[in-house]
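What follows is a set of notes on a single structure, which appears directly below.
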Amino acid sequence: MAVSNNITACVTLMALICALPVIASGVWFASAQGEECARLARWPVAILGGLILLTALAGFVGAYWNRRRLLAFYLFAMAALIVLLIALLAFAFAVTRGSGAYPVLGRNYDEYRLDGFSMWLRGYVSDDPGRWEGIRSCLAVSDTCKKLARQASFVTADQFYQSNLTPLQSGCCKPPSVCGHVYVSPTVWTSPARPAADPDCGLWSNDPAQLCYECESCRAGLLAALRSQWHRANIALVVATVALVFLYLVGCSAYKNAQAEAIFRRYKW
């Protein structure tokens, strides 16, 4: 096997390795979203990683056994997949730009508003009532608020206010602070004589199957949880994308050198 083919084989082998964190990110992202009962772009990252893995495998076979058609396919397909990966990253960064979180005086946790998120994310939880009904039903039977209700450490309101709630617990398991409800337990609150004008205040219920699952704060908490997951997954995807671009450029150079060597040997003979 020629030196250039050796280089190309090593490059495609490293591309195989770089595909693994992309697949792992997609699988983790899909499984993590299951806890939030959402199915926002669950598998595209994993599928894209799998395609990169298969393409790199084809490139390795082509380089190791000197199959030029496979190498040409590898270069063409890998370029298209890298462009798709970059486009997916750009889209993810664009739609997760706003956090929707805001601090509340005297609270250690944040609360969330829908208008702080991108229009695309807001549409995900607002445009299709049937989709949110499925998410709401899933949240009602999940452990998201049940775990909070079982917390024995929250004896007083101050202990609860100084806790670190997740976005879903903050948005779905209690009424917004602006409503002025009086703390009884993490999921039981007494309504004030004059509720605030916020629509979520009238939607709160002490019924464990209801709570604030229909509130906009719950939708915002869900989006905050999904946004946090996307940002963690994006770290691995950015590193893998930079490595794949570098390996692709080296692979192109090695492929050109292999072609030049083949032409030189043909004319020398």
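By order of appearance in the structure tokens: chains A, B, ..., then residues from 1 within every chain, and ligands from 1 in the order shown.
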Exercise for review: Considering only C-alpha atoms, return as a PyMOL selection string whatever protein or nucleic-acid residues lie within 8 Å of Leu211 (chain A), sequence-local ones (same chain, fewer than 5 positions apart) excluded.
Suggested key: chain A and resi 172-175+187+204-206
**Study point:** Residue set, region 124-227 of chain A restricted to strand (DSSP E or B), as an MDAnalysis selection string
**Key:** chainID A and resid 182:185 188:190
Point to revise | Exercise: Leu222 (chain A) partners within 12 Å, only C-alpha atoms, chain neighbours under 3 positions left out, as a VMD selection string | key: chain A and resid 33 to 40 99 to 101 111 to 114 117 121 to 122 124 to 126 132 135 to 136 139 144 166 to 173 213 to 219 225 to 229
Exercise for review: Determine the nearest neighbour of Ile86 (chain A) from the options A:Leu249, A:Thr241, A:Val178, A:Val184, counting only C-alpha atoms.
Suggested key: A:Thr241
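Across the model, the gap from CA of Cys212 (chain A) to CA of Gly134 (chain A) is 15.0 Å.
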Check your understanding: What separation in Å, quoted to one decimal, exists between CA of Met119 (chain A) and CA of Gly221 (chain A)?
Key -> 15.4 Å
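Remark: for Asn108 (chain A), the closest of the candidate residues A:Gln151, A:Gln162, A:Ala197, A:Gly130 is A:Gln162 (distances computed over only C-alpha atoms).
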Point to revise | Coordinates-based distance that separates CA of Leu89 (chain A) from CA of Trp120 (chain A) (Å, one decimal) | key: 15.2 Å
Based on the backbone DSSP call, show me all residues of region 5-222 of chain A assigned alpha helix (DSSP H), as a compact mmCIF listing (two decimals) with N, CA, C and O atoms, in the first residue's frame.
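Writing the result to result.txt gives the following:
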# COMPACT_ATOMS: atom_id res chain seq x y z
N ASN A 5 -1.82 6.25 0.53
CA ASN A 5 -2.94 5.41 0.94
C ASN A 5 -2.88 5.11 2.43
O ASN A 5 -3.91 5.00 3.10
N ASN A 6 -1.65 4.94 2.95
CA ASN A 6 -1.49 4.74 4.39
C ASN A 6 -2.02 5.94 5.16
O ASN A 6 -2.72 5.79 6.17
N ILE A 7 -1.68 7.13 4.69
CA ILE A 7 -2.14 8.35 5.35
C ILE A 7 -3.66 8.45 5.29
O ILE A 7 -4.32 8.76 6.29
N THR A 8 -4.23 8.17 4.11
CA THR A 8 -5.68 8.24 3.95
C THR A 8 -6.38 7.22 4.85
O THR A 8 -7.42 7.51 5.45
N ALA A 9 -5.80 6.00 4.96
CA ALA A 9 -6.39 4.98 5.82
C ALA A 9 -6.38 5.44 7.29
O ALA A 9 -7.36 5.26 8.01
N CYS A 10 -5.28 6.04 7.72
CA CYS A 10 -5.19 6.55 9.11
C CYS A 10 -6.21 7.67 9.34
O CYS A 10 -6.85 7.75 10.40
N VAL A 11 -6.34 8.56 8.33
CA VAL A 11 -7.28 9.66 8.44
C VAL A 11 -8.71 9.15 8.57
O VAL A 11 -9.49 9.61 9.42
N THR A 12 -9.08 8.19 7.73
CA THR A 12 -10.45 7.66 7.77
C THR A 12 -10.68 6.87 9.06
O THR A 12 -11.80 6.85 9.58
N LEU A 13 -9.62 6.22 9.58
CA LEU A 13 -9.76 5.53 10.86
C LEU A 13 -10.04 6.53 11.99
O LEU A 13 -10.89 6.29 12.85
N MET A 14 -9.35 7.67 11.97
CA MET A 14 -9.61 8.70 12.98
C MET A 14 -10.99 9.31 12.80
O MET A 14 -11.65 9.68 13.77
N ALA A 15 -11.45 9.41 11.54
CA ALA A 15 -12.81 9.90 11.29
C ALA A 15 -13.84 8.93 11.87
O ALA A 15 -14.89 9.35 12.37
N LEU A 16 -13.53 7.62 11.80
CA LEU A 16 -14.40 6.63 12.44
C LEU A 16 -14.53 6.90 13.94
O LEU A 16 -15.61 6.86 14.51
N ILE A 17 -13.39 7.21 14.56
CA ILE A 17 -13.38 7.48 16.00
C ILE A 17 -14.16 8.76 16.30
O ILE A 17 -14.88 8.85 17.30
N CYS A 18 -14.01 9.78 15.42
CA CYS A 18 -14.71 11.06 15.64
C CYS A 18 -16.22 10.91 15.51
O CYS A 18 -16.97 11.74 16.05
N ALA A 19 -16.67 9.89 14.77
CA ALA A 19 -18.11 9.68 14.62
C ALA A 19 -18.75 9.18 15.91
O ALA A 19 -19.95 9.40 16.14
N LEU A 20 -17.95 8.53 16.75
CA LEU A 20 -18.51 7.94 17.97
C LEU A 20 -19.09 8.98 18.93
O LEU A 20 -20.20 8.77 19.45
N PRO A 21 -18.38 10.11 19.21
CA PRO A 21 -19.02 11.10 20.10
C PRO A 21 -20.28 11.73 19.51
O PRO A 21 -21.17 12.14 20.26
N VAL A 22 -20.36 11.81 18.17
CA VAL A 22 -21.58 12.33 17.55
C VAL A 22 -22.74 11.38 17.81
O VAL A 22 -23.84 11.80 18.20
N ILE A 23 -22.48 10.07 17.62
CA ILE A 23 -23.53 9.08 17.89
C ILE A 23 -23.89 9.08 19.38
O ILE A 23 -25.07 9.06 19.74
N ALA A 24 -22.86 9.12 20.23
CA ALA A 24 -23.12 9.11 21.68
C ALA A 24 -23.93 10.33 22.11
O ALA A 24 -24.83 10.23 22.94
N SER A 25 -23.63 11.50 21.51
CA SER A 25 -24.38 12.72 21.84
C SER A 25 -25.84 12.57 21.45
O SER A 25 -26.74 12.96 22.18
N GLY A 26 -26.06 12.00 20.25
CA GLY A 26 -27.45 11.82 19.80
C GLY A 26 -28.22 10.85 20.67
O GLY A 26 -29.37 11.10 21.03
N VAL A 27 -27.58 9.73 21.04
CA VAL A 27 -28.26 8.74 21.89
C VAL A 27 -28.53 9.32 23.27
O VAL A 27 -29.62 9.16 23.83
N TRP A 28 -27.53 10.03 23.85
CA TRP A 28 -27.73 10.65 25.16
C TRP A 28 -28.84 11.69 25.11
O TRP A 28 -29.69 11.77 25.99
N PHE A 29 -28.83 12.50 24.06
CA PHE A 29 -29.82 13.55 23.92
C PHE A 29 -31.22 12.96 23.83
O PHE A 29 -32.18 13.46 24.44
N ALA A 30 -31.35 11.88 23.06
CA ALA A 30 -32.66 11.25 22.91
C ALA A 30 -33.13 10.64 24.22
O ALA A 30 -34.29 10.76 24.61
N SER A 31 -32.23 9.95 24.95
CA SER A 31 -32.62 9.31 26.21
C SER A 31 -32.89 10.35 27.29
O SER A 31 -33.79 10.19 28.11
N ALA A 32 -32.11 11.45 27.30
CA ALA A 32 -32.32 12.50 28.31
C ALA A 32 -33.65 13.19 28.11
O ALA A 32 -34.33 13.54 29.07
N GLN A 33 -34.05 13.39 26.87
CA GLN A 33 -35.33 14.05 26.61
C GLN A 33 -36.50 13.19 27.06
O GLN A 33 -37.57 13.71 27.35
N GLY A 34 -36.28 11.87 27.15
CA GLY A 34 -37.36 11.01 27.62
C GLY A 34 -37.80 11.37 29.02
O GLY A 34 -38.96 11.21 29.38
N GLU A 35 -36.84 11.88 29.85
CA GLU A 35 -37.18 12.26 31.21
C GLU A 35 -38.11 13.48 31.23
O GLU A 35 -38.85 13.70 32.17
N PRO A 44 -32.03 12.91 15.06
CA PRO A 44 -31.21 13.37 13.94
C PRO A 44 -29.71 13.34 14.19
O PRO A 44 -28.93 12.99 13.30
N VAL A 45 -29.27 13.71 15.40
CA VAL A 45 -27.84 13.72 15.68
C VAL A 45 -27.27 12.31 15.65
O VAL A 45 -26.21 12.06 15.07
N ALA A 46 -27.97 11.35 16.25
CA ALA A 46 -27.50 9.96 16.25
C ALA A 46 -27.47 9.39 14.84
O ALA A 46 -26.53 8.67 14.46
N ILE A 47 -28.50 9.68 14.04
CA ILE A 47 -28.54 9.19 12.66
C ILE A 47 -27.40 9.79 11.85
O ILE A 47 -26.73 9.09 11.08
N LEU A 48 -27.16 11.08 12.02
CA LEU A 48 -26.07 11.74 11.32
C LEU A 48 -24.73 11.14 11.72
O LEU A 48 -23.86 10.90 10.87
N GLY A 49 -24.55 10.86 13.01
CA GLY A 49 -23.32 10.21 13.46
C GLY A 49 -23.16 8.83 12.86
O GLY A 49 -22.04 8.43 12.49
N GLY A 50 -24.27 8.07 12.75
CA GLY A 50 -24.20 6.76 12.13
C GLY A 50 -23.81 6.83 10.67
O GLY A 50 -23.02 6.00 10.18
N LEU A 51 -24.32 7.82 9.94
CA LEU A 51 -23.95 8.00 8.54
C LEU A 51 -22.47 8.36 8.40
O LEU A 51 -21.78 7.88 7.49
N ILE A 52 -21.97 9.21 9.31
CA ILE A 52 -20.55 9.56 9.29
C ILE A 52 -19.70 8.31 9.55
O ILE A 52 -18.67 8.10 8.91
N LEU A 53 -20.16 7.47 10.49
CA LEU A 53 -19.44 6.23 10.80
C LEU A 53 -19.36 5.32 9.58
O LEU A 53 -18.29 4.80 9.23
N LEU A 54 -20.49 5.12 8.90
CA LEU A 54 -20.51 4.25 7.71
C LEU A 54 -19.67 4.82 6.58
O LEU A 54 -18.96 4.09 5.88
N THR A 55 -19.74 6.14 6.40
CA THR A 55 -18.96 6.78 5.35
C THR A 55 -17.46 6.65 5.62
O THR A 55 -16.66 6.35 4.72
N ALA A 56 -17.05 6.87 6.87
CA ALA A 56 -15.64 6.74 7.23
C ALA A 56 -15.16 5.30 7.08
O ALA A 56 -14.02 5.05 6.67
N LEU A 57 -16.05 4.34 7.39
CA LEU A 57 -15.70 2.93 7.20
C LEU A 57 -15.47 2.62 5.72
O LEU A 57 -14.52 1.91 5.36
N ALA A 58 -16.34 3.16 4.87
CA ALA A 58 -16.16 2.97 3.42
C ALA A 58 -14.84 3.59 2.96
O ALA A 58 -14.12 3.02 2.13
N GLY A 59 -14.50 4.78 3.49
CA GLY A 59 -13.24 5.42 3.15
C GLY A 59 -12.04 4.61 3.60
O GLY A 59 -11.03 4.51 2.89
N PHE A 60 -12.13 4.01 4.79
CA PHE A 60 -11.02 3.19 5.29
C PHE A 60 -10.81 1.97 4.41
O PHE A 60 -9.67 1.62 4.06
N VAL A 61 -11.90 1.30 4.03
CA VAL A 61 -11.80 0.13 3.14
C VAL A 61 -11.20 0.55 1.80
O VAL A 61 -10.32 -0.14 1.25
N GLY A 62 -11.67 1.69 1.28
CA GLY A 62 -11.15 2.16 -0.01
C GLY A 62 -9.68 2.50 0.05
O GLY A 62 -8.94 2.23 -0.91
N ALA A 63 -9.22 3.10 1.16
CA ALA A 63 -7.81 3.46 1.28
C ALA A 63 -6.93 2.24 1.51
O ALA A 63 -5.85 2.11 0.94
N TYR A 64 -7.41 1.32 2.35
CA TYR A 64 -6.58 0.17 2.72
C TYR A 64 -6.41 -0.79 1.55
O TYR A 64 -5.32 -1.33 1.33
N ARG A 68 -10.40 3.17 -5.46
CA ARG A 68 -10.51 4.61 -5.70
C ARG A 68 -11.96 5.09 -5.73
O ARG A 68 -12.25 6.22 -5.34
N ARG A 69 -12.84 4.25 -6.20
CA ARG A 69 -14.25 4.67 -6.24
C ARG A 69 -14.80 4.84 -4.82
O ARG A 69 -15.57 5.78 -4.54
N LEU A 70 -14.42 3.94 -3.94
CA LEU A 70 -14.85 4.08 -2.55
C LEU A 70 -14.25 5.33 -1.90
O LEU A 70 -14.91 6.03 -1.13
N LEU A 71 -13.00 5.62 -2.24
CA LEU A 71 -12.37 6.83 -1.70
C LEU A 71 -13.06 8.08 -2.22
O LEU A 71 -13.27 9.03 -1.47
N ALA A 72 -13.41 8.08 -3.50
CA ALA A 72 -14.12 9.23 -4.07
C ALA A 72 -15.49 9.40 -3.41
O ALA A 72 -15.92 10.51 -3.10
N PHE A 73 -16.17 8.26 -3.20
CA PHE A 73 -17.46 8.31 -2.50
C PHE A 73 -17.29 8.85 -1.09
O PHE A 73 -18.10 9.67 -0.62
N TYR A 74 -16.23 8.42 -0.41
CA TYR A 74 -15.98 8.88 0.96
C TYR A 74 -15.80 10.39 1.00
O TYR A 74 -16.40 11.08 1.84
N LEU A 75 -15.01 10.94 0.08
CA LEU A 75 -14.74 12.37 0.08
C LEU A 75 -16.01 13.17 -0.22
O LEU A 75 -16.27 14.20 0.41
N PHE A 76 -16.79 12.69 -1.17
CA PHE A 76 -18.01 13.40 -1.53
C PHE A 76 -19.04 13.33 -0.40
O PHE A 76 -19.61 14.35 0.01
N ALA A 77 -19.28 12.11 0.11
CA ALA A 77 -20.29 11.93 1.14
C ALA A 77 -19.89 12.62 2.45
O ALA A 77 -20.73 13.22 3.12
N MET A 78 -18.60 12.55 2.80
CA MET A 78 -18.16 13.17 4.05
C MET A 78 -18.32 14.68 3.98
O MET A 78 -18.69 15.32 4.98
N ALA A 79 -18.04 15.28 2.82
CA ALA A 79 -18.23 16.72 2.67
C ALA A 79 -19.69 17.10 2.91
O ALA A 79 -19.99 18.07 3.62
N ALA A 80 -20.61 16.31 2.33
CA ALA A 80 -22.04 16.60 2.51
C ALA A 80 -22.46 16.43 3.97
O ALA A 80 -23.22 17.26 4.51
N LEU A 81 -21.95 15.40 4.65
CA LEU A 81 -22.32 15.16 6.04
C LEU A 81 -21.74 16.23 6.97
O LEU A 81 -22.40 16.63 7.94
N ILE A 82 -20.54 16.70 6.68
CA ILE A 82 -19.95 17.77 7.50
C ILE A 82 -20.76 19.05 7.35
O ILE A 82 -21.02 19.77 8.33
N VAL A 83 -21.20 19.34 6.12
CA VAL A 83 -22.05 20.52 5.90
C VAL A 83 -23.35 20.38 6.68
O VAL A 83 -23.83 21.34 7.31
N LEU A 84 -23.95 19.17 6.66
CA LEU A 84 -25.19 18.95 7.42
C LEU A 84 -24.96 19.11 8.92
O LEU A 84 -25.80 19.69 9.63
N LEU A 85 -23.82 18.62 9.43
CA LEU A 85 -23.51 18.74 10.85
C LEU A 85 -23.33 20.20 11.25
O LEU A 85 -23.81 20.64 12.30
N ILE A 86 -22.64 20.96 10.40
CA ILE A 86 -22.45 22.39 10.68
C ILE A 86 -23.79 23.12 10.65
O ILE A 86 -24.07 23.99 11.49
N ALA A 87 -24.65 22.76 9.67
CA ALA A 87 -25.97 23.39 9.59
C ALA A 87 -26.81 23.06 10.82
O ALA A 87 -27.52 23.93 11.36
N LEU A 88 -26.73 21.81 11.30
CA LEU A 88 -27.46 21.42 12.50
C LEU A 88 -26.98 22.20 13.72
O LEU A 88 -27.78 22.66 14.54
N LEU A 89 -25.66 22.37 13.83
CA LEU A 89 -25.10 23.14 14.95
C LEU A 89 -25.54 24.60 14.89
O LEU A 89 -25.91 25.19 15.91
N ALA A 90 -25.50 25.18 13.68
CA ALA A 90 -25.91 26.58 13.54
C ALA A 90 -27.38 26.75 13.91
O ALA A 90 -27.76 27.71 14.59
N PHE A 91 -28.21 25.79 13.48
CA PHE A 91 -29.64 25.85 13.82
C PHE A 91 -29.84 25.72 15.32
O PHE A 91 -30.64 26.46 15.93
N ALA A 92 -29.12 24.78 15.96
CA ALA A 92 -29.27 24.58 17.39
C ALA A 92 -28.86 25.82 18.18
O ALA A 92 -29.54 26.21 19.13
N PHE A 93 -27.76 26.45 17.78
CA PHE A 93 -27.33 27.66 18.48
C PHE A 93 -28.33 28.80 18.27
O PHE A 93 -28.56 29.60 19.17
N ALA A 94 -28.92 28.86 17.07
CA ALA A 94 -29.86 29.95 16.78
C ALA A 94 -31.14 29.82 17.60
O ALA A 94 -31.64 30.80 18.15
N VAL A 95 -31.70 28.60 17.68
CA VAL A 95 -32.99 28.44 18.34
C VAL A 95 -32.87 28.35 19.87
O VAL A 95 -33.87 28.45 20.57
N MET A 119 -38.72 32.04 18.78
CA MET A 119 -40.05 31.78 18.25
C MET A 119 -40.23 30.32 17.88
O MET A 119 -41.30 29.74 18.05
N TRP A 120 -39.17 29.69 17.37
CA TRP A 120 -39.26 28.29 16.96
C TRP A 120 -39.53 27.40 18.17
O TRP A 120 -40.39 26.51 18.09
N LEU A 121 -38.83 27.63 19.28
CA LEU A 121 -39.06 26.83 20.48
C LEU A 121 -40.44 27.11 21.06
O LEU A 121 -41.13 26.19 21.52
N ARG A 122 -40.86 28.36 21.06
CA ARG A 122 -42.19 28.69 21.58
C ARG A 122 -43.26 27.98 20.76
O ARG A 122 -44.26 27.49 21.30
N GLY A 123 -43.06 27.93 19.45
CA GLY A 123 -44.03 27.24 18.60
C GLY A 123 -44.10 25.76 18.89
O GLY A 123 -45.16 25.13 18.74
N TYR A 124 -42.98 25.17 19.33
CA TYR A 124 -42.96 23.73 19.62
C TYR A 124 -43.94 23.37 20.73
O TYR A 124 -44.59 22.31 20.69
N VAL A 125 -44.08 24.24 21.74
CA VAL A 125 -44.96 23.92 22.87
C VAL A 125 -46.30 24.66 22.80
O VAL A 125 -47.17 24.42 23.64
N SER A 126 -46.47 25.54 21.82
CA SER A 126 -47.71 26.34 21.78
C SER A 126 -48.55 26.12 20.54
O SER A 126 -49.78 26.27 20.59
N PRO A 129 -51.80 21.99 20.20
CA PRO A 129 -52.36 21.62 21.50
C PRO A 129 -52.25 20.12 21.79
O PRO A 129 -52.06 19.72 22.95
N GLY A 130 -52.36 19.32 20.75
CA GLY A 130 -52.27 17.87 20.95
C GLY A 130 -50.89 17.45 21.43
O GLY A 130 -50.77 16.54 22.26
N ARG A 131 -49.85 18.11 20.92
CA ARG A 131 -48.49 17.78 21.35
C ARG A 131 -48.31 18.10 22.83
O ARG A 131 -47.77 17.30 23.58
N TRP A 132 -48.78 19.30 23.23
CA TRP A 132 -48.61 19.66 24.65
C TRP A 132 -49.46 18.77 25.54
O TRP A 132 -49.06 18.45 26.66
N GLU A 133 -50.63 18.36 25.08
CA GLU A 133 -51.46 17.47 25.88
C GLU A 133 -50.72 16.16 26.17
O GLU A 133 -50.79 15.63 27.29
N GLY A 134 -50.01 15.65 25.16
CA GLY A 134 -49.22 14.43 25.37
C GLY A 134 -48.09 14.66 26.36
O GLY A 134 -47.82 13.82 27.23
N ILE A 135 -47.40 15.81 26.24
CA ILE A 135 -46.32 16.14 27.18
C ILE A 135 -46.88 16.32 28.59
O ILE A 135 -46.30 15.82 29.56
N ARG A 136 -48.01 17.02 28.70
CA ARG A 136 -48.62 17.28 30.01
C ARG A 136 -49.01 15.97 30.69
O ARG A 136 -48.77 15.78 31.90
N SER A 137 -49.61 15.05 29.94
CA SER A 137 -50.02 13.77 30.51
C SER A 137 -48.81 12.97 30.98
O SER A 137 -48.85 12.31 32.03
N CYS A 138 -47.74 13.05 30.21
CA CYS A 138 -46.51 12.34 30.58
C CYS A 138 -45.91 12.94 31.85
O CYS A 138 -45.48 12.21 32.76
N LEU A 139 -45.88 14.27 31.94
CA LEU A 139 -45.34 14.93 33.13
C LEU A 139 -46.15 14.58 34.38
O LEU A 139 -45.60 14.41 35.47
N ALA A 140 -47.46 14.46 34.21
CA ALA A 140 -48.34 14.19 35.36
C ALA A 140 -48.05 12.83 35.99
O ALA A 140 -48.24 12.66 37.21
N VAL A 141 -47.62 11.86 35.20
CA VAL A 141 -47.35 10.52 35.75
C VAL A 141 -45.86 10.30 36.00
O VAL A 141 -45.47 9.23 36.50
N THR A 144 -41.19 13.89 38.15
CA THR A 144 -40.69 15.26 38.21
C THR A 144 -41.17 15.99 39.46
O THR A 144 -40.37 16.56 40.20
N CYS A 145 -42.47 15.98 39.69
CA CYS A 145 -43.03 16.67 40.86
C CYS A 145 -43.22 15.73 42.05
O CYS A 145 -43.24 16.20 43.20
N LYS A 146 -43.32 14.44 41.80
CA LYS A 146 -43.49 13.49 42.89
C LYS A 146 -42.25 13.46 43.78
O LYS A 146 -42.36 13.37 45.01
N LYS A 147 -41.07 13.54 43.15
CA LYS A 147 -39.83 13.58 43.94
C LYS A 147 -39.79 14.82 44.81
O LYS A 147 -39.36 14.77 45.96
N LEU A 148 -40.25 15.94 44.25
CA LEU A 148 -40.25 17.19 45.00
C LEU A 148 -41.21 17.10 46.19
O LEU A 148 -40.91 17.57 47.29
N ALA A 149 -42.36 16.50 45.99
CA ALA A 149 -43.34 16.37 47.06
C ALA A 149 -42.85 15.47 48.19
O ALA A 149 -43.26 15.64 49.35
N ALA A 157 -41.06 27.29 54.48
CA ALA A 157 -41.05 27.94 53.17
C ALA A 157 -39.65 28.42 52.81
O ALA A 157 -39.24 28.32 51.65
N ASP A 158 -38.90 28.95 53.80
CA ASP A 158 -37.55 29.45 53.51
C ASP A 158 -36.63 28.34 53.02
O ASP A 158 -35.80 28.56 52.14
N GLN A 159 -36.77 27.15 53.58
CA GLN A 159 -35.97 26.02 53.11
C GLN A 159 -36.29 25.70 51.66
O GLN A 159 -35.40 25.37 50.87
N PHE A 160 -37.56 25.79 51.31
CA PHE A 160 -37.95 25.53 49.92
C PHE A 160 -37.43 26.63 49.00
O PHE A 160 -36.91 26.35 47.92
N TYR A 161 -37.54 27.87 49.43
CA TYR A 161 -37.12 28.99 48.60
C TYR A 161 -35.61 28.98 48.33
O TYR A 161 -35.16 29.51 47.32
N PRO A 167 -35.48 23.36 36.13
CA PRO A 167 -36.43 24.20 35.38
C PRO A 167 -37.84 23.61 35.36
O PRO A 167 -38.82 24.36 35.49
N LEU A 168 -37.95 22.30 35.21
CA LEU A 168 -39.29 21.68 35.19
C LEU A 168 -39.97 21.78 36.54
O LEU A 168 -41.17 22.07 36.63
N GLN A 169 -39.23 21.56 37.61
CA GLN A 169 -39.82 21.67 38.95
C GLN A 169 -40.24 23.10 39.24
O GLN A 169 -41.30 23.33 39.83
N SER A 170 -39.42 24.06 38.83
CA SER A 170 -39.75 25.46 39.06
C SER A 170 -40.98 25.89 38.26
O SER A 170 -41.82 26.64 38.76
N GLY A 171 -41.11 25.41 37.04
CA GLY A 171 -42.20 25.86 36.18
C GLY A 171 -43.48 25.07 36.31
O GLY A 171 -44.56 25.63 36.11
N CYS A 172 -43.38 23.76 36.67
CA CYS A 172 -44.56 22.90 36.62
C CYS A 172 -45.09 22.47 37.98
O CYS A 172 -46.28 22.13 38.10
N PRO A 199 -52.06 34.95 34.01
CA PRO A 199 -52.99 33.85 33.70
C PRO A 199 -52.62 32.54 34.39
O PRO A 199 -53.50 31.73 34.70
N ASP A 200 -51.33 32.32 34.64
CA ASP A 200 -50.91 31.09 35.29
C ASP A 200 -51.46 30.95 36.70
O ASP A 200 -51.64 29.83 37.20
N CYS A 201 -51.75 32.09 37.36
CA CYS A 201 -52.24 32.05 38.75
C CYS A 201 -53.57 31.33 38.85
O CYS A 201 -53.84 30.60 39.82
N GLY A 202 -54.43 31.51 37.86
CA GLY A 202 -55.73 30.86 37.88
C GLY A 202 -55.67 29.42 37.44
O GLY A 202 -56.64 28.66 37.63
N LEU A 203 -54.56 29.00 36.82
CA LEU A 203 -54.43 27.63 36.34
C LEU A 203 -53.85 26.69 37.39
O LEU A 203 -53.93 25.48 37.24
N GLU A 216 -48.09 28.49 31.37
CA GLU A 216 -47.01 28.87 30.46
C GLU A 216 -45.66 28.70 31.12
O GLU A 216 -44.66 28.42 30.45
N SER A 217 -45.60 28.84 32.45
CA SER A 217 -44.33 28.65 33.15
C SER A 217 -43.85 27.21 33.02
O SER A 217 -42.64 26.95 32.98
N CYS A 218 -44.78 26.25 32.93
CA CYS A 218 -44.40 24.85 32.75
C CYS A 218 -43.83 24.63 31.36
O CYS A 218 -42.82 23.94 31.19
N ARG A 219 -44.45 25.22 30.36
CA ARG A 219 -43.92 25.13 28.99
C ARG A 219 -42.52 25.75 28.94
O ARG A 219 -41.62 25.21 28.30
N ALA A 220 -42.37 26.89 29.61
CA ALA A 220 -41.07 27.56 29.61
C ALA A 220 -40.02 26.72 30.34
O ALA A 220 -38.86 26.64 29.92
N GLY A 221 -40.42 26.06 31.44
CA GLY A 221 -39.49 25.20 32.17
C GLY A 221 -39.04 24.01 31.33
O GLY A 221 -37.87 23.61 31.36
N LEU A 222 -39.97 23.46 30.54
CA LEU A 222 -39.62 22.36 29.64
C LEU A 222 -38.59 22.83 28.62
O LEU A 222 -37.59 22.14 28.36
